[in-house]
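Written below as structure tokens is the structure these notes are about.
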Amino acid sequence: MSRKRILLSGLGGSLFPYLHNKLKETYDVYYVDADASLKELYPGYNFFPAPLVTDPSYPSFIKELVATYSIELYAPLIDEEIEIAHDIKDQIPSLNLLSPKRDFCRLAMRKDLLMKALEEHRISSIATWTGDEFTWKDGIYFVKPISGRGSRGIRRITSEDELKAYYLLENYDPAEILVQECIEGQEYTVGVLINQTDDIILLSSRKILKKKGITIKAVTEQNPAISEAIRKINQCLTPKGPINVQLYITNAGEVKIFEINPRFSTTTIMSYEAGIDEIGLWLQHHDTPYQDSAISPEDGLILHRRWENLFYEQR
């Protein structure tokens, strides 16, 4: 069988170089990122410095790479890129796009609409307001952009003065902000892979032990309440692709979902360390019914990220 040619974005992220070292044994992997200096860090990679995702030339840049290198699978790993990737797929029908369906991506990236959908389908409920709808009541709240990724713009606030300062310092309009009650409990990040026939191929729950923007330390730990919540998401919202569900389990055992990312997460590498090739699973099962139980890594596998110092000459 010939090696599949796959294109991944976001080479500068924490998935790498670990993920590359796993994928290179099976696939011919090509990368793009707006940081041209990554060529110095990864000199042996098929890396192509890209325009910013928001640049009008980005779609043409990706389409040219797909045509020149006969790319068969494109996996967008940057939130702002996902809608563009769907447009490219529409123009190149033969290209496999490793992304949920477009409507779900749009829903997931609008956190206000996602919270409403989760509540309407009785999957999860967190008291949530847009900033322009919110009237201060004593308590502890999280504020974050309605559209955003990672931990950008997320703050924990305990007073109305802090909320006013947040708008001034972060330069957000209240209508652009989500205000949510502060949930106490254990945080999990959950990788899920769902095919086009709405079958859950993989479900990997990772309990977060330490977090600073991205997950620093986590351990695989399956949980029946989480599995049931994922089943409801799949049944009601039909993502059809890789998703990453971020949630808390409260002391009362309730599942509180606060975000769903319509892509692989940085903790996807835990599947690869457990011997599970998520890209390979999707290629094998994405368009045919999957009758088996969802695959999950064994409990107890710990990821612990650390810093590394790298040096190279300026050119």
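Convention: chains lettered A, B, ... in structure tokens order; per-chain residue numbering from 1; ligands numbered from 1 as shown.
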
Could you pull out the strand (DSSP E or B) residues of stretch 186-243 of chain A, going by DSSP on the backbone, and write them as a PyMOL selection string? chain A and resi 186-194+200-212+214-220+242-243

Give the alpha helix (DSSP H) residues of stretch 30-147 of chain A, as assigned by DSSP on the backbone, as a PyMOL selection string. chain A and resi 38-41+58-68+82-91+102-108+111-120

What's around A:Ile177 at 8 Å? Count only C-alpha atoms, leave out sequence neighbours fewer than 4 positions away in its own chain, and write the answer as a list in words. Thr130, Gly131, Val143, Lys144, Pro145, Ile146, Tyr172 and Asp173 of chain A

Output N, CA and C atoms for every residue in that selection, as an mmCIF file, in the first residue's frame.
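Listed below is the output, part28.cif:
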data_model
loop_
_atom_site.group_PDB
_atom_site.id
_atom_site.type_symbol
_atom_site.label_atom_id
_atom_site.label_comp_id
_atom_site.auth_asym_id
_atom_site.auth_seq_id
_atom_site.Cartn_x
_atom_site.Cartn_y
_atom_site.Cartn_z
ATOM 1 N N THR A 130 -24.011 36.736 27.486
ATOM 2 C CA THR A 130 -23.093 37.605 26.763
ATOM 3 C C THR A 130 -22.876 38.836 27.641
ATOM 4 N N GLY A 131 -21.744 39.501 27.426
ATOM 5 C CA GLY A 131 -21.405 40.619 28.293
ATOM 6 C C GLY A 131 -22.441 41.725 28.304
ATOM 7 N N VAL A 143 -14.713 34.959 32.271
ATOM 8 C CA VAL A 143 -15.041 35.730 31.081
ATOM 9 C C VAL A 143 -14.086 35.320 29.970
ATOM 10 N N LYS A 144 -14.604 35.264 28.742
ATOM 11 C CA LYS A 144 -13.787 34.862 27.593
ATOM 12 C C LYS A 144 -14.456 35.341 26.316
ATOM 13 N N PRO A 145 -13.682 35.480 25.241
ATOM 14 C CA PRO A 145 -14.276 35.881 23.965
ATOM 15 C C PRO A 145 -15.274 34.841 23.465
ATOM 16 N N ILE A 146 -16.359 35.309 22.847
ATOM 17 C CA ILE A 146 -17.332 34.398 22.255
ATOM 18 C C ILE A 146 -16.677 33.562 21.164
ATOM 19 N N TYR A 172 -12.197 44.580 24.506
ATOM 20 C CA TYR A 172 -13.352 43.862 23.965
ATOM 21 C C TYR A 172 -14.618 44.671 24.201
ATOM 22 N N ASP A 173 -15.527 44.593 23.262
ATOM 23 C CA ASP A 173 -16.866 45.103 23.472
ATOM 24 C C ASP A 173 -17.643 44.058 24.274
#

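Across the structure, atom CA of A:Val179 and atom CA of A:Pro242 are spaced 27.0 Å apart.
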
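Closest approach to A:Ile200 from the set A:Glu254, A:Glu80, A:Glu228, A:Asp103 is made by A:Glu228, with distances taken over only C-alpha atoms.
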
Choose the residue, out of A:Val53, A:Leu209, A:Ile295, A:Ile243, that has the smallest atom-to-atom separation from A:Asp33; count only C-alpha atoms. A:Val53

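For the choices A:Glu298, A:Leu202, A:Thr268, A:Ala218, the atom-to-atom distance to A:Arg231 is smallest for A:Leu202 when using only C-alpha atoms.
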
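A straight line drawn from atom CA of A:Ile140 to atom CA of A:Pro262 is 28.1 Å long.
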
Can you work out the spacing between atom CA of A:Ile214 and atom CA of A:Glu162 in Å, to one decimal? 24.2 Å

Taking 4 positions as the minimum chain separation for residues in the same chain, which residues sit within 12 Å of stretch 154-160 of chain A when counting only C-alpha atoms? Answer as a PyMOL selection string. chain A and resi 131+134-150+164-167+169-170+172+177-183+212-213

Of A:Pro297, A:Ile279, A:Asn251, A:Glu176, the one nearest to A:Val29 when counting only C-alpha atoms is A:Ile279

Best match for closeness to A:Ala67 among A:Ile126, A:Leu98, A:Arg5, A:His86, counting only C-alpha atoms: A:Arg5

Could you check which of A:Leu303, A:Leu193, A:Ala225, A:Met115 is closest to A:Ile257, using only C-alpha atoms? A:Met115
